>>> print(open('my_file-v1.cif').read())   # mmCIF, C-alpha atoms
data_final
loop_
_atom_site.group_PDB
_atom_site.id
_atom_site.type_symbol
_atom_site.label_atom_id
_atom_site.label_comp_id
_atom_site.auth_asym_id
_atom_site.auth_seq_id
_atom_site.Cartn_x
_atom_site.Cartn_y
_atom_site.Cartn_z
ATOM 1 C CA MET A 13 160.469 115.682 134.501
ATOM 2 C CA SER A 14 163.433 114.579 136.536
ATOM 3 C CA VAL A 15 166.615 115.749 134.824
ATOM 4 C CA LYS A 16 168.619 114.024 137.555
ATOM 5 C CA LEU A 17 167.004 110.654 136.804
ATOM 6 C CA MET A 18 167.366 111.152 133.057
ATOM 7 C CA SER A 19 171.068 111.863 133.521
ATOM 8 C CA ILE A 20 171.480 108.627 135.480
ATOM 9 C CA VAL A 21 169.650 106.671 132.754
ATOM 10 C CA PHE A 22 171.928 108.070 130.041
ATOM 11 C CA ASP A 23 174.935 106.661 131.929
ATOM 12 C CA LEU A 24 173.504 103.136 132.286
ATOM 13 C CA SER A 25 174.665 100.276 130.069
ATOM 14 C CA LEU A 26 171.353 99.037 128.686
ATOM 15 C CA ALA A 27 169.994 97.793 125.385
ATOM 16 C CA PRO A 28 168.817 100.800 123.337
ATOM 17 C CA VAL A 29 165.109 99.968 123.620
ATOM 18 C CA ASP A 30 165.427 99.465 127.387
ATOM 19 C CA LYS A 31 167.268 102.762 127.799
ATOM 20 C CA LEU A 32 164.722 104.642 125.672
ATOM 21 C CA THR A 33 161.815 103.189 127.639
ATOM 22 C CA LEU A 34 163.493 104.077 130.929
ATOM 23 C CA LEU A 35 164.108 107.602 129.602
ATOM 24 C CA VAL A 36 160.391 107.942 128.845
ATOM 25 C CA LEU A 37 159.636 106.965 132.445
ATOM 26 C CA ALA A 38 162.272 109.350 133.811
ATOM 27 C CA ASP A 39 160.868 112.138 131.641
ATOM 28 C CA VAL A 40 157.458 111.910 133.326
ATOM 29 C CA ALA A 41 158.692 110.973 136.820
ATOM 30 C CA ASP A 42 158.744 113.341 139.748
ATOM 31 C CA GLU A 43 161.944 113.921 141.736
ATOM 32 C CA SER A 44 161.212 110.873 143.903
ATOM 33 C CA GLY A 45 161.089 108.654 140.800
ATOM 34 C CA LEU A 46 157.330 108.052 140.779
ATOM 35 C CA CYS A 47 155.278 108.132 137.578
ATOM 36 C CA TRP A 48 152.137 106.515 136.189
ATOM 37 C CA PRO A 49 152.047 106.752 132.375
ATOM 38 C CA SER A 50 149.924 104.269 130.470
ATOM 39 C CA GLN A 51 151.677 101.579 128.462
ATOM 40 C CA LYS A 52 150.087 103.111 125.373
ATOM 41 C CA TYR A 53 151.749 106.451 126.183
ATOM 42 C CA ILE A 54 155.120 104.784 126.782
ATOM 43 C CA ALA A 55 154.819 102.912 123.470
ATOM 44 C CA ARG A 56 153.965 106.085 121.573
ATOM 45 C CA ARG A 57 156.840 108.082 123.089
ATOM 46 C CA ALA A 58 159.384 105.279 122.584
ATOM 47 C CA THR A 59 157.982 104.385 119.125
ATOM 48 C CA ILE A 60 157.636 100.716 120.034
ATOM 49 C CA SER A 61 154.660 98.361 120.343
ATOM 50 C CA GLN A 62 152.692 97.992 123.560
ATOM 51 C CA ARG A 63 153.825 94.357 123.726
ATOM 52 C CA SER A 64 157.442 95.544 123.525
ATOM 53 C CA VAL A 65 156.724 97.964 126.371
ATOM 54 C CA GLN A 66 155.474 95.056 128.483
ATOM 55 C CA ARG A 67 158.615 93.019 127.753
ATOM 56 C CA VAL A 68 160.920 95.960 128.513
ATOM 57 C CA LEU A 69 159.105 96.813 131.751
ATOM 58 C CA ASN A 70 159.497 93.186 132.844
ATOM 59 C CA ARG A 71 163.237 93.321 132.098
ATOM 60 C CA LEU A 72 163.671 96.640 133.921
ATOM 61 C CA SER A 73 161.738 95.303 136.895
ATOM 62 C CA GLY A 74 163.759 92.088 136.916
ATOM 63 C CA ALA A 75 166.975 94.128 136.865
ATOM 64 C CA GLY A 76 165.802 96.103 139.907
ATOM 65 C CA LEU A 77 165.706 99.412 138.017
ATOM 66 C CA ILE A 78 161.957 99.912 138.483
ATOM 67 C CA ARG A 79 159.228 98.672 140.789
ATOM 68 C CA VAL A 80 155.746 98.230 139.337
ATOM 69 C CA GLU A 81 152.696 98.806 141.523
ATOM 70 C CA LYS A 82 149.389 97.730 139.987
ATOM 71 C CA ARG A 83 146.481 100.141 140.429
ATOM 72 C CA THR A 84 142.733 99.698 140.128
ATOM 73 C CA ARG A 85 139.817 102.084 139.992
ATOM 74 C CA ALA A 86 136.981 102.072 142.529
ATOM 75 C CA ASP A 87 134.961 99.821 140.198
ATOM 76 C CA GLY A 88 137.776 97.238 140.139
ATOM 77 C CA SER A 89 138.965 97.926 136.599
ATOM 78 C CA GLN A 90 142.676 98.388 136.029
ATOM 79 C CA THR A 91 144.217 101.797 135.416
ATOM 80 C CA SER A 92 147.816 102.753 134.693
ATOM 81 C CA ASN A 93 150.422 101.289 137.027
ATOM 82 C CA TYR A 94 152.676 103.254 139.318
ATOM 83 C CA TYR A 95 156.316 102.968 138.294
ATOM 84 C CA HIS A 96 158.969 103.666 140.919
ATOM 85 C CA LEU A 97 162.395 104.300 139.386
ATOM 86 C CA ASP A 98 165.031 102.769 141.669
ATOM 87 C CA LEU A 99 168.136 104.306 140.128
ATOM 88 C CA GLY A 100 169.852 105.678 143.233
ATOM 89 C CA ARG A 101 171.971 102.599 143.797
ATOM 90 C CA THR A 102 173.280 102.534 140.213
ATOM 91 C CA LYS A 103 175.742 105.372 140.797
#
>>> encode(input="my_file-v1.cif", output="structure tokens")
Amino acid sequence: MSVKLMSIVFDLSLAPVDKLTLLVLADVADESGLCWPSQKYIARRATISQRSVQRVLNRLSGAGLIRVEKRTRADGSQTSNYYHLDLGRTK
């Protein structure tokens, strides 16, 4: 958990669902802002649907607050993405 990142998120002017989703990411991120929770986990923690998670992640990515890095297993199947929180420039 990155308390520093969570503190930054609390100070951002975002829609409530976007802020809550970003808080979930910050809660599981390391100090560098990297995390890899599944969309199912994010949905459960934020009490929103997985489709809503996808929409919010797209908005956060479009706003430059996160970078999404797709990951695959050795067999080619998809696994949870890496999420890089880019919040340093917001302060």
>>> closest_residue(input="my_file-v1.cif", among="A:Glu81, A:Asp30, A:Asp42, A:Asp98", to="A:Leu69", atoms="all atoms listed in the file")
A:Asp30
>>> resolve_selection(input="my_file-v1.cif", expression="the PyMOL selection byres ((chain A and resi 47) around 9)", output="list in words")
Leu37, Ala38, Val40, Ala41, Asp42, Gly45, Leu46, Trp48, Pro49, Asn93, Tyr94, Tyr95, His96 and Leu97 of chain A
>>> residues_around(input="my_file-v1.cif", residues="A:Arg57", least_positions_apart="4", cutoff="12 Å", atoms="all atoms listed in the file", output="JSON, numbers by chain")
{"A": [29, 32, 33, 34, 35, 36, 37, 39, 40, 49, 50, 51, 52, 53, 61, 62, 65]}
>>> closest_residue(input="my_file-v1.cif", among="A:Gly74, A:Arg56, A:Val68, A:Ser44", to="A:Gly100", atoms="all atoms listed in the file")
A:Ser44
>>> atom_distance(input="my_file-v1.cif", atom1="atom CA of A:Pro28", atom2="atom CA of A:Ile60")
11.7 Å
>>> closest_residue(input="my_file-v1.cif", among="A:Glu43, A:Arg67, A:Ala75, A:Lys82", to="A:Lys16", atoms="only C-alpha atoms")
A:Glu43
>>> build_atoms(input="my_file-v1.cif", residues="stretch 15-36 of chain A", atoms="N, CA and C atoms", output="PDB file, keeping the file's coordinate frame")
ATOM      1  N   VAL A  15     165.362 115.670 135.579  1.00  0.00           N
ATOM      2  CA  VAL A  15     166.615 115.749 134.824  1.00  0.00           C
ATOM      3  C   VAL A  15     167.671 114.879 135.493  1.00  0.00           C
ATOM      4  N   LYS A  16     167.657 114.847 136.820  1.00  0.00           N
ATOM      5  CA  LYS A  16     168.619 114.024 137.555  1.00  0.00           C
ATOM      6  C   LYS A  16     168.467 112.550 137.172  1.00  0.00           C
ATOM      7  N   LEU A  17     167.235 112.051 137.166  1.00  0.00           N
ATOM      8  CA  LEU A  17     167.004 110.654 136.804  1.00  0.00           C
ATOM      9  C   LEU A  17     167.367 110.393 135.348  1.00  0.00           C
ATOM     10  N   MET A  18     167.032 111.330 134.473  1.00  0.00           N
ATOM     11  CA  MET A  18     167.366 111.152 133.057  1.00  0.00           C
ATOM     12  C   MET A  18     168.880 111.077 132.874  1.00  0.00           C
ATOM     13  N   SER A  19     169.614 111.884 133.601  1.00  0.00           N
ATOM     14  CA  SER A  19     171.068 111.863 133.521  1.00  0.00           C
ATOM     15  C   SER A  19     171.624 110.509 133.960  1.00  0.00           C
ATOM     16  N   ILE A  20     171.056 109.951 135.020  1.00  0.00           N
ATOM     17  CA  ILE A  20     171.480 108.627 135.480  1.00  0.00           C
ATOM     18  C   ILE A  20     171.204 107.581 134.408  1.00  0.00           C
ATOM     19  N   VAL A  21     170.012 107.646 133.789  1.00  0.00           N
ATOM     20  CA  VAL A  21     169.650 106.671 132.754  1.00  0.00           C
ATOM     21  C   VAL A  21     170.621 106.736 131.584  1.00  0.00           C
ATOM     22  N   PHE A  22     170.996 107.935 131.161  1.00  0.00           N
ATOM     23  CA  PHE A  22     171.928 108.070 130.041  1.00  0.00           C
ATOM     24  C   PHE A  22     173.244 107.349 130.316  1.00  0.00           C
ATOM     25  N   ASP A  23     173.658 107.284 131.574  1.00  0.00           N
ATOM     26  CA  ASP A  23     174.935 106.661 131.929  1.00  0.00           C
ATOM     27  C   ASP A  23     174.856 105.151 132.127  1.00  0.00           C
ATOM     28  N   LEU A  24     173.656 104.576 132.093  1.00  0.00           N
ATOM     29  CA  LEU A  24     173.504 103.136 132.286  1.00  0.00           C
ATOM     30  C   LEU A  24     173.858 102.364 131.018  1.00  0.00           C
ATOM     31  N   SER A  25     174.394 101.176 131.198  1.00  0.00           N
ATOM     32  CA  SER A  25     174.665 100.276 130.069  1.00  0.00           C
ATOM     33  C   SER A  25     173.445  99.381 129.887  1.00  0.00           C
ATOM     34  N   LEU A  26     172.587  99.772 128.967  1.00  0.00           N
ATOM     35  CA  LEU A  26     171.353  99.037 128.686  1.00  0.00           C
ATOM     36  C   LEU A  26     171.189  98.883 127.185  1.00  0.00           C
ATOM     37  N   ALA A  27     170.375  97.909 126.792  1.00  0.00           N
ATOM     38  CA  ALA A  27     169.994  97.793 125.385  1.00  0.00           C
ATOM     39  C   ALA A  27     169.274  99.084 124.994  1.00  0.00           C
ATOM     40  N   PRO A  28     169.423  99.527 123.751  1.00  0.00           N
ATOM     41  CA  PRO A  28     168.817 100.800 123.337  1.00  0.00           C
ATOM     42  C   PRO A  28     167.324 100.919 123.641  1.00  0.00           C
ATOM     43  N   VAL A  29     166.552  99.878 123.381  1.00  0.00           N
ATOM     44  CA  VAL A  29     165.109  99.968 123.620  1.00  0.00           C
ATOM     45  C   VAL A  29     164.812 100.058 125.119  1.00  0.00           C
ATOM     46  N   ASP A  30     165.614  99.387 125.939  1.00  0.00           N
ATOM     47  CA  ASP A  30     165.427  99.465 127.387  1.00  0.00           C
ATOM     48  C   ASP A  30     165.762 100.868 127.890  1.00  0.00           C
ATOM     49  N   LYS A  31     166.854 101.416 127.387  1.00  0.00           N
ATOM     50  CA  LYS A  31     167.268 102.762 127.799  1.00  0.00           C
ATOM     51  C   LYS A  31     166.225 103.796 127.377  1.00  0.00           C
ATOM     52  N   LEU A  32     165.717 103.687 126.152  1.00  0.00           N
ATOM     53  CA  LEU A  32     164.722 104.642 125.672  1.00  0.00           C
ATOM     54  C   LEU A  32     163.448 104.562 126.506  1.00  0.00           C
ATOM     55  N   THR A  33     163.015 103.356 126.821  1.00  0.00           N
ATOM     56  CA  THR A  33     161.815 103.189 127.639  1.00  0.00           C
ATOM     57  C   THR A  33     162.029 103.767 129.034  1.00  0.00           C
ATOM     58  N   LEU A  34     163.184 103.526 129.613  1.00  0.00           N
ATOM     59  CA  LEU A  34     163.493 104.077 130.929  1.00  0.00           C
ATOM     60  C   LEU A  34     163.588 105.601 130.877  1.00  0.00           C
ATOM     61  N   LEU A  35     164.077 106.140 129.771  1.00  0.00           N
ATOM     62  CA  LEU A  35     164.108 107.602 129.602  1.00  0.00           C
ATOM     63  C   LEU A  35     162.698 108.186 129.547  1.00  0.00           C
ATOM     64  N   VAL A  36     161.786 107.483 128.883  1.00  0.00           N
ATOM     65  CA  VAL A  36     160.391 107.942 128.845  1.00  0.00           C
ATOM     66  C   VAL A  36     159.840 108.001 130.269  1.00  0.00           C
TER      67      VAL A  36
END
